[in-house]
Amino acid sequence: MTGIATFTGLDPTTLGDLLRVASADDFDRWQDQIRRTGGCADPIHLTGWSLTKDKTTGQTLHQYSTDAEPGGRLRLACGNRRASRCPSCAFTYAGDTYHLIRAGLAGDDRRHIPATVRDHPRVFATLTAPSFGPVHNRPNRGACRCGIRHPADDPALGTALHPAAYDYAGAVLFNNHAGDLWMRFTTRLRREIAARAGLTQRELKEAARLSYGKVAEFQKRGAIHFHAVIRLDGPDGPDTLPPSWASVDLLTDAIRAAATHPYTSVSVPAADGQPTRTFRWGRQLDVRPVKAFADGSDITEQAVASYVAKYATKAAENTGTLDRRIGELAELDRHNVPDHARRLIEACKLLDPLYPDRRLWAWAHMLGFRGHFSSKSRRYSTTLGELRQARADYRAAQERQALGLDDREPDTVLILADWQYAGHGHTPGESALAATIARGLKQNRETAREALLTEGGAA
């Protein structure tokens with residue numbers, strides 16, 4: 001266990017609880033459970049039992065009960081993707097997202113995605129939100145409009161220069177409709193590709209398939225934008241070659257045309273003092289080819305996958321909002337939510353009864369955004385579910401081996417079980433210990449990864 005000096009900064013209550021946990025007879029078993037969760041900050045507690053029997057003879061091969069566990073409970077990882085809620089589970093989620101995105105760029109034999117996918121036209125595109133009013137920023141040249149050169153960590157960055165004139169209502173309505181705007185963009189993109197290939201929509205489906213993997217990111221001003229890997233395949237996906245006319249230049253040109261086309265817009269009707277609004281993507285549009293290896297100018301497969309994975313575990317927290325649903329506006333005072341985020345949340349509250357089907361208040365903590373933070377088209381690559389199942393199968397195989405059951409066919413074994421939810425989380429002392437375990441595990445993973453990259457000579 002880590003030396004007690006590690007915890008000298010804790011308050012007396014937490015430190016006392018930590019000493020209680022660490023001195024308990026079953027501490028080693030508790031620590032084993034927490035290590036199995038990866039140091040989860042908010043583990044799920046279960047009570048119950050399982051019984052493994054031979055189907056033919058009825059012989060009991062193994063039996064387990066949580067009665068012998070610390071506190072009579074089994075602890076499982078919460079699985080929350082938000083780094084602000086559970087860094088450990090978010091680390092696992094980011095790793096899965098990395099492998100999902102990279103598999104669609106470099107291939108993955110285990111997921112039946114051939115390495116030839118590297119030869120398909122693919123780009124990394126960023127589509128941004130429009131302006132809702134001037135904000136404090138750090139331009140590449142000169143100072144902010146306010147006349148100040150803001151440091152990188154200045155909390156004023158992203159906040160409105162003139163709050164009274166800023167369109168907070170428009171900002172949260174854009175966030176709320178961003179998913180719809182993305183759907184219109186992808187629909188238009190297929191049409192633009194077909195037009196450049198001299199094909200009809202029906203003929204395009206028979207010749208090529210558009211695939212993508214994307215992630216949402218909140219800018220400091222509280223507006224959502226999307227980063228996406230967009231790829232052209234043959235008609236059956238990544239394992240079929242794209243047609244001869246498909247190229248990175250054609251795909252790039254089609255993306256730029258689709259993003260700026262009048263069809264790629266979403267209209268929000270007027271309602272009780274709110275004007276009719278039509279939302280389109282912002283003027284900043286970045287489309288860059290994805291290369292297998294660095295050449296000094298373009299971005300690489302690994303860089304793109306790492307970038308997407310990083311933002312897959314974040315939400316709107318960098319704007320100062322809360323990372324959970326808000327029950328009442330008074331919570332903003334208790335959590336010291338900054339003025340810019342507060343005004344966006346208040347706009348959600350104001351607009352909620354005017355657009356009841358958009359559920360703006362339910363998503364006020366996300367500044368109106370209600371879409372998936374990371375998503376992909378069906379044939380882009382593997383799925384997060386498949387990656388989780390592979391991890392679960394690996395752990396199950398380890399357990400079968402430890403129990404001496406690995407030489408038995410699965411269909412010859414009968415498992416009976418009864419599980420009940422018994423709560424979640426840690427006591428204050430357990431939380432401090434779990435955080436230490438999580439940091440150690442993460443450091444070990446990063447060290448092993450760096451060693452692997454060094455050994456393989458990867459960039």
# chains A, B, ... in the order shown; residues from 1 in each chain; ligands from 1

$ select_by_dssp --residues "range 108-229 of chain A" --states "alpha helix (DSSP H)" --output "VMD selection string"
chain A and resid 168 to 197 201 to 207

$ write_last_selection --atoms "C-alpha atoms" --output "mmCIF file, in the first residue's frame"
data_model
loop_
_atom_site.group_PDB
_atom_site.id
_atom_site.type_symbol
_atom_site.label_atom_id
_atom_site.label_comp_id
_atom_site.auth_asym_id
_atom_site.auth_seq_id
_atom_site.Cartn_x
_atom_site.Cartn_y
_atom_site.Cartn_z
ATOM 1 C CA TYR A 168 -27.481 33.026 -25.641
ATOM 2 C CA ALA A 169 -30.817 31.678 -26.854
ATOM 3 C CA GLY A 170 -29.411 31.109 -30.337
ATOM 4 C CA ALA A 171 -26.340 29.358 -28.895
ATOM 5 C CA VAL A 172 -28.293 26.764 -26.913
ATOM 6 C CA LEU A 173 -30.785 26.222 -29.739
ATOM 7 C CA PHE A 174 -27.893 25.570 -32.118
ATOM 8 C CA ASN A 175 -26.412 23.045 -29.696
ATOM 9 C CA ASN A 176 -29.798 21.404 -29.394
ATOM 10 C CA HIS A 177 -30.175 21.050 -33.170
ATOM 11 C CA ALA A 178 -26.536 20.216 -33.970
ATOM 12 C CA GLY A 179 -27.324 16.518 -34.398
ATOM 13 C CA ASP A 180 -30.025 17.346 -36.938
ATOM 14 C CA LEU A 181 -27.593 19.601 -38.778
ATOM 15 C CA TRP A 182 -25.049 16.764 -38.936
ATOM 16 C CA MET A 183 -27.674 14.445 -40.474
ATOM 17 C CA ARG A 184 -28.464 17.032 -43.141
ATOM 18 C CA PHE A 185 -24.759 17.456 -43.812
ATOM 19 C CA THR A 186 -24.168 13.729 -44.387
ATOM 20 C CA THR A 187 -27.238 13.516 -46.636
ATOM 21 C CA ARG A 188 -26.016 16.426 -48.718
ATOM 22 C CA LEU A 189 -22.476 15.040 -48.758
ATOM 23 C CA ARG A 190 -23.644 11.844 -50.477
ATOM 24 C CA ARG A 191 -25.366 13.951 -53.118
ATOM 25 C CA GLU A 192 -22.256 16.056 -53.662
ATOM 26 C CA ILE A 193 -20.114 12.934 -54.049
ATOM 27 C CA ALA A 194 -22.581 11.454 -56.535
ATOM 28 C CA ALA A 195 -22.631 14.672 -58.567
ATOM 29 C CA ARG A 196 -18.837 14.744 -58.803
ATOM 30 C CA ALA A 197 -18.739 11.100 -59.841
ATOM 31 C CA GLN A 201 -28.034 8.555 -55.769
ATOM 32 C CA ARG A 202 -29.052 4.976 -56.562
ATOM 33 C CA GLU A 203 -25.924 4.382 -58.631
ATOM 34 C CA LEU A 204 -23.740 5.780 -55.837
ATOM 35 C CA LYS A 205 -25.098 3.184 -53.391
ATOM 36 C CA GLU A 206 -24.063 0.452 -55.803
ATOM 37 C CA ALA A 207 -20.565 1.913 -56.301
#

$ residues_around --residues "Arg81 in chain A" --least-positions-apart "3" --cutoff "12 Å" --atoms "only C-alpha atoms" --output "MDAnalysis selection string"
chainID A and resid 40:41 77:78 84:97 309:315 323 372:374 384

$ write_last_selection --atoms "N, CA, C and O atoms" --output "tab-separated table (two decimals), in the first residue's frame"
chain	number	residue	atom	x	y	z
A	40	CYS	N	-12.07	2.50	-10.04
A	40	CYS	CA	-13.30	3.24	-10.32
A	40	CYS	C	-13.66	4.18	-9.17
A	40	CYS	O	-13.59	3.81	-8.00
A	41	ALA	N	-14.06	5.41	-9.50
A	41	ALA	CA	-14.39	6.41	-8.49
A	41	ALA	C	-15.80	6.25	-7.93
A	41	ALA	O	-16.10	6.81	-6.87
A	77	ALA	N	-17.07	-1.80	-11.91
A	77	ALA	CA	-16.81	-0.47	-12.47
A	77	ALA	C	-18.10	0.19	-12.94
A	77	ALA	O	-18.98	-0.47	-13.50
A	78	CYS	N	-18.21	1.50	-12.73
A	78	CYS	CA	-19.43	2.23	-13.10
A	78	CYS	C	-19.58	2.37	-14.61
A	78	CYS	O	-20.67	2.48	-15.14
A	84	SER	N	-14.63	13.77	-15.72
A	84	SER	CA	-14.92	14.56	-14.53
A	84	SER	C	-15.66	13.74	-13.48
A	84	SER	O	-15.68	14.10	-12.30
A	85	ARG	N	-16.28	12.64	-13.88
A	85	ARG	CA	-17.02	11.80	-12.96
A	85	ARG	C	-16.23	10.59	-12.50
A	85	ARG	O	-16.26	10.22	-11.33
A	86	CYS	N	-15.54	9.94	-13.42
A	86	CYS	CA	-14.73	8.77	-13.08
A	86	CYS	C	-13.53	8.70	-14.02
A	86	CYS	O	-13.65	8.18	-15.13
A	87	PRO	N	-12.38	9.23	-13.61
A	87	PRO	CA	-11.20	9.21	-14.49
A	87	PRO	C	-10.81	7.81	-14.94
A	87	PRO	O	-10.36	7.62	-16.07
A	88	SER	N	-10.98	6.83	-14.07
A	88	SER	CA	-10.58	5.46	-14.41
A	88	SER	C	-11.42	4.89	-15.53
A	88	SER	O	-10.90	4.39	-16.53
A	89	CYS	N	-12.74	4.94	-15.40
A	89	CYS	CA	-13.61	4.40	-16.44
A	89	CYS	C	-13.52	5.22	-17.72
A	89	CYS	O	-13.62	4.68	-18.82
A	90	ALA	N	-13.30	6.53	-17.57
A	90	ALA	CA	-13.12	7.38	-18.76
A	90	ALA	C	-11.85	7.00	-19.50
A	90	ALA	O	-11.80	7.04	-20.73
A	91	PHE	N	-10.81	6.61	-18.76
A	91	PHE	CA	-9.56	6.18	-19.37
A	91	PHE	C	-9.79	4.93	-20.22
A	91	PHE	O	-9.28	4.81	-21.34
A	92	THR	N	-10.59	4.00	-19.69
A	92	THR	CA	-10.93	2.79	-20.45
A	92	THR	C	-11.76	3.14	-21.68
A	92	THR	O	-11.52	2.62	-22.77
A	93	TYR	N	-12.74	4.04	-21.51
A	93	TYR	CA	-13.59	4.46	-22.63
A	93	TYR	C	-12.76	5.14	-23.72
A	93	TYR	O	-12.96	4.89	-24.92
A	94	ALA	N	-11.81	5.98	-23.30
A	94	ALA	CA	-10.95	6.65	-24.28
A	94	ALA	C	-10.12	5.63	-25.04
A	94	ALA	O	-9.92	5.76	-26.26
A	95	GLY	N	-9.64	4.61	-24.35
A	95	GLY	CA	-8.87	3.57	-25.02
A	95	GLY	C	-9.70	2.82	-26.05
A	95	GLY	O	-9.23	2.54	-27.16
A	96	ASP	N	-10.95	2.50	-25.69
A	96	ASP	CA	-11.83	1.83	-26.64
A	96	ASP	C	-12.10	2.72	-27.85
A	96	ASP	O	-12.11	2.25	-29.00
A	97	THR	N	-12.34	4.01	-27.60
A	97	THR	CA	-12.60	4.94	-28.70
A	97	THR	C	-11.38	5.05	-29.61
A	97	THR	O	-11.50	5.10	-30.85
A	309	ALA	N	-10.22	10.32	-29.21
A	309	ALA	CA	-10.36	9.63	-27.93
A	309	ALA	C	-10.34	10.61	-26.76
A	309	ALA	O	-11.07	10.45	-25.78
A	310	LYS	N	-9.50	11.64	-26.86
A	310	LYS	CA	-9.39	12.63	-25.78
A	310	LYS	C	-10.72	13.34	-25.56
A	310	LYS	O	-11.17	13.49	-24.42
A	311	TYR	N	-11.36	13.75	-26.64
A	311	TYR	CA	-12.60	14.50	-26.49
A	311	TYR	C	-13.81	13.61	-26.23
A	311	TYR	O	-14.87	14.11	-25.84
A	312	ALA	N	-13.67	12.31	-26.44
A	312	ALA	CA	-14.79	11.40	-26.17
A	312	ALA	C	-15.12	11.31	-24.70
A	312	ALA	O	-16.20	10.88	-24.33
A	313	THR	N	-14.19	11.70	-23.82
A	313	THR	CA	-14.41	11.60	-22.38
A	313	THR	C	-14.74	12.95	-21.75
A	313	THR	O	-14.84	13.07	-20.54
A	314	LYS	N	-14.90	13.98	-22.57
A	314	LYS	CA	-15.20	15.31	-22.06
A	314	LYS	C	-16.60	15.72	-22.50
A	314	LYS	O	-17.15	15.17	-23.44
A	315	ALA	N	-17.15	16.70	-21.82
A	315	ALA	CA	-18.45	17.24	-22.22
A	315	ALA	C	-18.35	18.76	-22.17
A	315	ALA	O	-17.44	19.34	-22.74
A	323	ASP	N	-21.54	18.74	-14.55
A	323	ASP	CA	-21.43	17.50	-15.32
A	323	ASP	C	-22.55	16.53	-15.01
A	323	ASP	O	-22.42	15.33	-15.17
A	372	HIS	N	-25.35	12.24	-29.15
A	372	HIS	CA	-24.27	11.37	-28.69
A	372	HIS	C	-22.94	12.10	-28.86
A	372	HIS	O	-22.69	12.72	-29.89
A	373	PHE	N	-22.07	11.99	-27.85
A	373	PHE	CA	-20.79	12.67	-27.95
A	373	PHE	C	-19.87	12.00	-28.95
A	373	PHE	O	-19.08	12.65	-29.61
A	374	SER	N	-19.94	10.70	-29.05
A	374	SER	CA	-19.17	10.01	-30.08
A	374	SER	C	-20.11	9.05	-30.79
A	374	SER	O	-20.93	8.39	-30.15
A	384	LEU	N	-18.09	-0.13	-29.93
A	384	LEU	CA	-17.68	-0.12	-28.53
A	384	LEU	C	-18.19	-1.37	-27.82
A	384	LEU	O	-17.51	-1.91	-26.94

$ closest_residue --among "A:Val290, A:Ala330, A:Ala259, A:Ala316" --to "Val229 in chain A" --atoms "only C-alpha atoms"
A:Val290

$ closest_residue --among "A:Asn80, A:Thr37, A:Thr47, A:Thr321" --to "His335 in chain A" --atoms "only C-alpha atoms"
A:Thr321

$ residues_around --residues "Arg111 in chain A" --least-positions-apart "2" --cutoff "8 Å" --atoms "only C-alpha atoms" --output "JSON, numbers by chain"
{"A": [108, 109, 113, 381, 382]}

$ closest_residue --among "A:His150, A:His120, A:Arg342, A:Arg283" --to "Gly222 in chain A" --atoms "only C-alpha atoms"
A:Arg342

$ atom_distance --atom1 "CA of Leu322 in chain A" --atom2 "CA of Phe132 in chain A"
21.9 Å

$ closest_residue --among "A:Ile44, A:Ala103, A:Val266, A:Ile224" --to "Gly79 in chain A" --atoms "only C-alpha atoms"
A:Ile44

$ closest_residue --among "A:Arg149, A:Lys349, A:Arg324, A:Arg378" --to "Arg82 in chain A" --atoms "only C-alpha atoms"
A:Arg324

$ select_by_dssp --residues "range 52-242 of chain A" --states "strand (DSSP E or B)" --output "ChimeraX atom specification"
/A:52-54,60-65,74-76,108,113,122-127,135,160,209-218,224-234,237

$ residues_around --residues "Leu210 in chain A" --least-positions-apart "4" --cutoff "9 Å" --atoms "only C-alpha atoms" --output "CSV table (one decimal) with N, CA, C and O atoms, in the first residue's frame"
chain,number,residue,atom,x,y,z
A,186,THR,N,-24.5,15.0,-43.8
A,186,THR,CA,-24.2,13.7,-44.4
A,186,THR,C,-25.1,13.4,-45.6
A,186,THR,O,-24.6,12.8,-46.6
A,189,LEU,N,-23.8,15.5,-48.3
A,189,LEU,CA,-22.5,15.0,-48.8
A,189,LEU,C,-22.6,13.9,-49.7
A,189,LEU,O,-21.8,13.8,-50.7
A,190,ARG,N,-23.5,13.0,-49.5
A,190,ARG,CA,-23.6,11.8,-50.5
A,190,ARG,C,-24.1,12.4,-51.8
A,190,ARG,O,-23.6,11.9,-52.9
A,230,ILE,N,-13.8,10.9,-42.1
A,230,ILE,CA,-14.8,10.6,-43.1
A,230,ILE,C,-14.0,9.9,-44.2
A,230,ILE,O,-12.9,10.3,-44.7
A,231,ARG,N,-14.6,8.7,-44.6
A,231,ARG,CA,-13.9,7.8,-45.5
A,231,ARG,C,-14.8,7.3,-46.6
A,231,ARG,O,-16.0,7.2,-46.4
A,232,LEU,N,-14.2,7.1,-47.8
A,232,LEU,CA,-15.0,6.5,-48.9
A,232,LEU,C,-14.5,5.1,-49.1
A,232,LEU,O,-13.3,4.8,-49.3
A,233,ASP,N,-15.5,4.1,-49.1
A,233,ASP,CA,-15.3,2.7,-49.3
A,233,ASP,C,-15.9,2.2,-50.6
A,233,ASP,O,-16.7,3.0,-51.3
A,234,GLY,N,-15.7,0.9,-50.9
A,234,GLY,CA,-16.5,0.3,-51.9
A,234,GLY,C,-17.9,0.1,-51.4
A,234,GLY,O,-18.3,0.4,-50.3
A,235,PRO,N,-18.8,-0.5,-52.2
A,235,PRO,CA,-20.2,-0.6,-51.9
A,235,PRO,C,-20.5,-1.4,-50.6
A,235,PRO,O,-21.5,-1.2,-49.9
A,237,GLY,N,-18.5,-1.6,-47.9
A,237,GLY,CA,-17.7,-1.1,-46.7
A,237,GLY,C,-16.2,-1.3,-46.8
A,237,GLY,O,-15.7,-1.3,-47.9
A,377,SER,N,-20.9,5.8,-38.3
A,377,SER,CA,-21.8,5.1,-39.3
A,377,SER,C,-21.6,3.6,-39.1
A,377,SER,O,-20.6,3.1,-38.5
A,379,ARG,N,-20.8,0.9,-40.9
A,379,ARG,CA,-19.7,0.2,-41.4
A,379,ARG,C,-18.3,0.9,-41.3
A,379,ARG,O,-17.4,0.5,-41.9
A,380,TYR,N,-18.2,1.9,-40.4
A,380,TYR,CA,-16.9,2.5,-40.2
A,380,TYR,C,-15.9,1.6,-39.7
A,380,TYR,O,-14.8,1.5,-40.3

$ residues_around --residues "Pro130 in chain A" --least-positions-apart "3" --cutoff "7 Å" --atoms "only C-alpha atoms" --output "list in words"
Arg280, Trp281, Gly282 and Arg283 of chain A

$ decode --residues "range 226-241 of chain A" --atoms "N, CA, C and O atoms" --output "PDB file, in the first residue's frame"
ATOM      1  N   PHE A 226     -18.017  19.529 -34.298  1.00  0.00           N
ATOM      2  CA  PHE A 226     -17.754  18.113 -34.524  1.00  0.00           C
ATOM      3  C   PHE A 226     -16.416  17.907 -35.222  1.00  0.00           C
ATOM      4  O   PHE A 226     -16.062  18.618 -36.161  1.00  0.00           O
ATOM      5  N   HIS A 227     -15.686  16.890 -34.738  1.00  0.00           N
ATOM      6  CA  HIS A 227     -14.500  16.379 -35.429  1.00  0.00           C
ATOM      7  C   HIS A 227     -14.876  15.026 -36.009  1.00  0.00           C
ATOM      8  O   HIS A 227     -15.439  14.184 -35.296  1.00  0.00           O
ATOM      9  N   ALA A 228     -14.564  14.795 -37.282  1.00  0.00           N
ATOM     10  CA  ALA A 228     -14.997  13.550 -37.917  1.00  0.00           C
ATOM     11  C   ALA A 228     -13.943  12.990 -38.855  1.00  0.00           C
ATOM     12  O   ALA A 228     -13.321  13.735 -39.622  1.00  0.00           O
ATOM     13  N   VAL A 229     -13.738  11.685 -38.756  1.00  0.00           N
ATOM     14  CA  VAL A 229     -12.990  10.951 -39.777  1.00  0.00           C
ATOM     15  C   VAL A 229     -14.012  10.526 -40.817  1.00  0.00           C
ATOM     16  O   VAL A 229     -14.990   9.844 -40.496  1.00  0.00           O
ATOM     17  N   ILE A 230     -13.825  10.948 -42.057  1.00  0.00           N
ATOM     18  CA  ILE A 230     -14.769  10.636 -43.139  1.00  0.00           C
ATOM     19  C   ILE A 230     -14.019   9.858 -44.207  1.00  0.00           C
ATOM     20  O   ILE A 230     -12.946  10.276 -44.657  1.00  0.00           O
ATOM     21  N   ARG A 231     -14.604   8.729 -44.616  1.00  0.00           N
ATOM     22  CA  ARG A 231     -13.894   7.796 -45.509  1.00  0.00           C
ATOM     23  C   ARG A 231     -14.818   7.322 -46.626  1.00  0.00           C
ATOM     24  O   ARG A 231     -16.021   7.152 -46.411  1.00  0.00           O
ATOM     25  N   LEU A 232     -14.239   7.086 -47.809  1.00  0.00           N
ATOM     26  CA  LEU A 232     -14.974   6.514 -48.928  1.00  0.00           C
ATOM     27  C   LEU A 232     -14.539   5.068 -49.137  1.00  0.00           C
ATOM     28  O   LEU A 232     -13.342   4.787 -49.290  1.00  0.00           O
ATOM     29  N   ASP A 233     -15.515   4.145 -49.141  1.00  0.00           N
ATOM     30  CA  ASP A 233     -15.254   2.716 -49.327  1.00  0.00           C
ATOM     31  C   ASP A 233     -15.923   2.226 -50.600  1.00  0.00           C
ATOM     32  O   ASP A 233     -16.655   2.972 -51.274  1.00  0.00           O
ATOM     33  N   GLY A 234     -15.720   0.947 -50.859  1.00  0.00           N
ATOM     34  CA  GLY A 234     -16.497   0.281 -51.888  1.00  0.00           C
ATOM     35  C   GLY A 234     -17.927   0.067 -51.400  1.00  0.00           C
ATOM     36  O   GLY A 234     -18.252   0.401 -50.257  1.00  0.00           O
ATOM     37  N   PRO A 235     -18.801  -0.525 -52.207  1.00  0.00           N
ATOM     38  CA  PRO A 235     -20.221  -0.623 -51.855  1.00  0.00           C
ATOM     39  C   PRO A 235     -20.509  -1.430 -50.598  1.00  0.00           C
ATOM     40  O   PRO A 235     -21.528  -1.213 -49.939  1.00  0.00           O
ATOM     41  N   ASP A 236     -19.623  -2.358 -50.226  1.00  0.00           N
ATOM     42  CA  ASP A 236     -19.860  -3.200 -49.060  1.00  0.00           C
ATOM     43  C   ASP A 236     -19.029  -2.805 -47.855  1.00  0.00           C
ATOM     44  O   ASP A 236     -18.885  -3.578 -46.906  1.00  0.00           O
ATOM     45  N   GLY A 237     -18.475  -1.605 -47.871  1.00  0.00           N
ATOM     46  CA  GLY A 237     -17.744  -1.135 -46.706  1.00  0.00           C
ATOM     47  C   GLY A 237     -16.245  -1.257 -46.817  1.00  0.00           C
ATOM     48  O   GLY A 237     -15.680  -1.341 -47.924  1.00  0.00           O
ATOM     49  N   PRO A 238     -15.532  -1.287 -45.670  1.00  0.00           N
ATOM     50  CA  PRO A 238     -14.073  -1.207 -45.671  1.00  0.00           C
ATOM     51  C   PRO A 238     -13.354  -2.374 -46.323  1.00  0.00           C
ATOM     52  O   PRO A 238     -12.185  -2.247 -46.698  1.00  0.00           O
ATOM     53  N   ASP A 239     -14.020  -3.517 -46.477  1.00  0.00           N
ATOM     54  CA  ASP A 239     -13.349  -4.664 -47.093  1.00  0.00           C
ATOM     55  C   ASP A 239     -13.530  -4.719 -48.602  1.00  0.00           C
ATOM     56  O   ASP A 239     -13.169  -5.710 -49.241  1.00  0.00           O
ATOM     57  N   THR A 240     -14.087  -3.647 -49.185  1.00  0.00           N
ATOM     58  CA  THR A 240     -14.190  -3.555 -50.641  1.00  0.00           C
ATOM     59  C   THR A 240     -13.518  -2.271 -51.108  1.00  0.00           C
ATOM     60  O   THR A 240     -13.614  -1.236 -50.457  1.00  0.00           O
ATOM     61  N   LEU A 241     -12.831  -2.351 -52.245  1.00  0.00           N
ATOM     62  CA  LEU A 241     -12.096  -1.204 -52.750  1.00  0.00           C
ATOM     63  C   LEU A 241     -13.038  -0.126 -53.264  1.00  0.00           C
ATOM     64  O   LEU A 241     -14.068  -0.423 -53.886  1.00  0.00           O
TER      65      LEU A 241
END
